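Note sheet for the following structure.
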Amino acid sequence: PVRRSARSAIINAPKNTTTTHRINIKKMKLHTLPPSANSHGCIAVVKHLKAEDKVEIINAYGKTRTPEFLAINPCHTCPTLEINDDVAVWESNAIMRHLATTLEGGEDLYPKDPIMRAKIDMVLDWRQTSLYKNIPDIAYCVFGMPVSHEAAKKNMKELLDEHFPILLDVYLKDTPFVYSDKPTIADLGIAPVLTFIKVRSKFWDAVPDKVKEYHTRVLEAFPGAKENFDMLDGMATGYDGEGADAEP
């Protein structure tokens, strides 16, 4: 008989078996930037599920423009997950979804219930399209990148007037985590990003206390990623360059 490739076997596996979700593949490689909030959720998933034997976490700092990395991810972004020799995915939310659906115990972070999963997906899309777009001008000065301080003030106003109320009054209205009594990948998409606001101390002072409490609650729920969380926190709070003391 003709030997099917591993990829073909996965694609053609019967849909009513766990093979679809629990794939026996070689160790995956998660390329990360250790202080990056976008990498933190993916790292936290691996650590929370105690899956370091299945996912190797690799520091890709300084390597994302090399020919070897570009062959894996031509968009040269981190995090990037090498699933096998032929397949890689990038974008943090896509990676967290994949890890949670393929690693043992992942339903704890990405429940199988279709309604709950739809809510998590909705919030992750909100994170990408509404929340995160306000972060670069507020915080990317910590990386030495050019930012607009006027845009930072406008972005902070949008966070305060629009996005934090949605977070608190809709997503966290009845639960300590997003639509849930325990943290999910939706929370890992949101909370690490909020640390960026600490780059401008007076901006952070303006963040509602309930948002700060949520931020702390999520990070404390994933002690395995504490080293990474603390790395970004130290960079943000230690920044003393232009705009650090700006009023929101």
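Starting from 1 in every chain, residues are counted up; chains themselves are A, B, ... following the order of the structure tokens, and ligands are numbered from 1 as listed.
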
Exercise. Using only C-alpha atoms, which residues sit within 12 Å of Asp230 (chain A) once same-chain residues fewer than 6 positions away are excluded, as a ChimeraX atom specification?
Worked result: /A:34-37,40,192,195-196,216,219-220,223-224,236-238

Can you pull out the residues contacting Ser148 (chain A)? Cut-off 12 Å, using only C-alpha atoms, and skip same-chain residues under 6 positions away; I want them as a PDB file with N, CA and C atoms, in the first residue's frame.
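Final output, selection_39.pdb:
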ATOM      1  N   ASN A 134      -4.425  50.560  20.249  1.00  0.00           N
ATOM      2  CA  ASN A 134      -4.146  51.735  21.065  1.00  0.00           C
ATOM      3  C   ASN A 134      -2.810  51.655  21.816  1.00  0.00           C
ATOM      4  N   ILE A 135      -2.163  50.519  21.765  1.00  0.00           N
ATOM      5  CA  ILE A 135      -0.964  50.304  22.574  1.00  0.00           C
ATOM      6  C   ILE A 135       0.326  50.868  21.970  1.00  0.00           C
ATOM      7  N   PRO A 136       0.595  50.723  20.673  1.00  0.00           N
ATOM      8  CA  PRO A 136       1.925  51.106  20.165  1.00  0.00           C
ATOM      9  C   PRO A 136       2.363  52.532  20.487  1.00  0.00           C
ATOM     10  N   ASP A 137       1.520  53.533  20.263  1.00  0.00           N
ATOM     11  CA  ASP A 137       1.956  54.902  20.545  1.00  0.00           C
ATOM     12  C   ASP A 137       2.085  55.177  22.035  1.00  0.00           C
ATOM     13  N   ILE A 138       1.372  54.420  22.841  1.00  0.00           N
ATOM     14  CA  ILE A 138       1.508  54.571  24.288  1.00  0.00           C
ATOM     15  C   ILE A 138       2.828  53.972  24.771  1.00  0.00           C
ATOM     16  N   ALA A 139       3.203  52.831  24.211  1.00  0.00           N
ATOM     17  CA  ALA A 139       4.249  52.047  24.856  1.00  0.00           C
ATOM     18  C   ALA A 139       5.467  51.670  24.036  1.00  0.00           C
ATOM     19  N   TYR A 140       5.415  51.746  22.730  1.00  0.00           N
ATOM     20  CA  TYR A 140       6.536  51.225  21.953  1.00  0.00           C
ATOM     21  C   TYR A 140       7.794  52.083  22.045  1.00  0.00           C
ATOM     22  N   CYS A 141       7.690  53.233  22.700  1.00  0.00           N
ATOM     23  CA  CYS A 141       8.893  54.015  22.977  1.00  0.00           C
ATOM     24  C   CYS A 141       9.865  53.221  23.854  1.00  0.00           C
ATOM     25  N   LYS A 154      -4.590  60.361  22.730  1.00  0.00           N
ATOM     26  CA  LYS A 154      -5.849  60.016  22.064  1.00  0.00           C
ATOM     27  C   LYS A 154      -6.181  58.539  22.282  1.00  0.00           C
ATOM     28  N   ASN A 155      -5.145  57.700  22.174  1.00  0.00           N
ATOM     29  CA  ASN A 155      -5.344  56.266  22.389  1.00  0.00           C
ATOM     30  C   ASN A 155      -5.780  55.964  23.814  1.00  0.00           C
ATOM     31  N   GLU A 242      11.611  59.873  26.912  1.00  0.00           N
ATOM     32  CA  GLU A 242      10.622  60.886  26.528  1.00  0.00           C
ATOM     33  C   GLU A 242       9.213  60.331  26.617  1.00  0.00           C
ATOM     34  N   GLY A 243       8.340  61.072  27.295  1.00  0.00           N
ATOM     35  CA  GLY A 243       6.950  60.671  27.416  1.00  0.00           C
ATOM     36  C   GLY A 243       6.634  59.857  28.645  1.00  0.00           C
ATOM     37  N   ALA A 246       4.426  61.859  30.885  1.00  0.00           N
ATOM     38  CA  ALA A 246       3.378  62.624  30.201  1.00  0.00           C
ATOM     39  C   ALA A 246       2.019  62.403  30.862  1.00  0.00           C
TER      40      ALA A 246
END

Exercise. Mind checking DSSP for region 16-181 of chain A and telling me the strand (DSSP E or B) residues as a VMD selection string?
Worked result: chain A and resid 28 to 32 55 to 59 80 to 82 88 to 90 177 180

Residues just named, written with N, CA and C atoms as a compact mmCIF listing (two decimals), in the first residue's frame:
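Once everything was written out, this is out_31.txt:
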# COMPACT_ATOMS: atom_id res chain seq x y z
N MET A 28 6.77 20.20 19.10
CA MET A 28 6.60 21.49 18.43
C MET A 28 7.62 22.49 18.97
N LYS A 29 7.85 23.54 18.20
CA LYS A 29 8.80 24.59 18.60
C LYS A 29 8.06 25.92 18.64
N LEU A 30 8.07 26.55 19.80
CA LEU A 30 7.43 27.86 19.97
C LEU A 30 8.52 28.93 20.03
N HIS A 31 8.63 29.71 18.97
CA HIS A 31 9.61 30.79 18.91
C HIS A 31 8.99 32.03 19.54
N THR A 32 9.67 32.59 20.52
CA THR A 32 9.12 33.72 21.28
C THR A 32 10.14 34.84 21.44
N VAL A 55 6.32 20.86 23.67
CA VAL A 55 6.55 22.14 23.01
C VAL A 55 7.85 22.74 23.54
N GLU A 56 8.81 22.91 22.66
CA GLU A 56 10.07 23.54 23.04
C GLU A 56 9.94 25.05 22.88
N ILE A 57 10.18 25.79 23.96
CA ILE A 57 10.10 27.25 23.92
C ILE A 57 11.48 27.80 23.57
N ILE A 58 11.54 28.54 22.48
CA ILE A 58 12.82 29.03 21.94
C ILE A 58 12.85 30.55 21.97
N ASN A 59 13.95 31.11 22.43
CA ASN A 59 14.16 32.56 22.41
C ASN A 59 14.60 32.96 21.00
N THR A 80 5.89 32.46 16.89
CA THR A 80 5.68 31.56 15.76
C THR A 80 5.76 30.14 16.29
N LEU A 81 4.81 29.32 15.86
CA LEU A 81 4.79 27.92 16.30
C LEU A 81 5.08 27.00 15.12
N GLU A 82 6.19 26.28 15.21
CA GLU A 82 6.48 25.23 14.24
C GLU A 82 5.76 23.97 14.69
N ALA A 88 3.83 25.78 9.94
CA ALA A 88 4.04 26.74 11.03
C ALA A 88 2.88 27.72 11.02
N VAL A 89 2.54 28.22 12.19
CA VAL A 89 1.51 29.26 12.29
C VAL A 89 2.06 30.39 13.16
N TRP A 90 1.62 31.59 12.87
CA TRP A 90 1.98 32.73 13.70
C TRP A 90 0.72 33.49 14.03
N PHE A 177 -13.19 36.43 35.38
CA PHE A 177 -12.45 36.37 34.13
C PHE A 177 -13.43 36.54 32.97
N SER A 180 -16.18 33.92 32.41
CA SER A 180 -15.79 32.65 33.03
C SER A 180 -15.35 32.84 34.47

Please identify every residue of region 172-232 of chain A that has at least one atom no farther than 7 Å from an atom of region 95-110 of chain A, counting only C-alpha atoms, and for each give the shortest atom pair and the distance in Å to one decimal, arranged by chain then increasing number, as JSON lines.
{"residue": "A:Pro183", "atom": "CA", "partner": "A:Leu109", "partner_atom": "CA", "distance": 6.6}
{"residue": "A:Thr184", "atom": "CA", "partner": "A:Leu109", "partner_atom": "CA", "distance": 4.2}
{"residue": "A:Ile185", "atom": "CA", "partner": "A:Leu109", "partner_atom": "CA", "distance": 5.6}
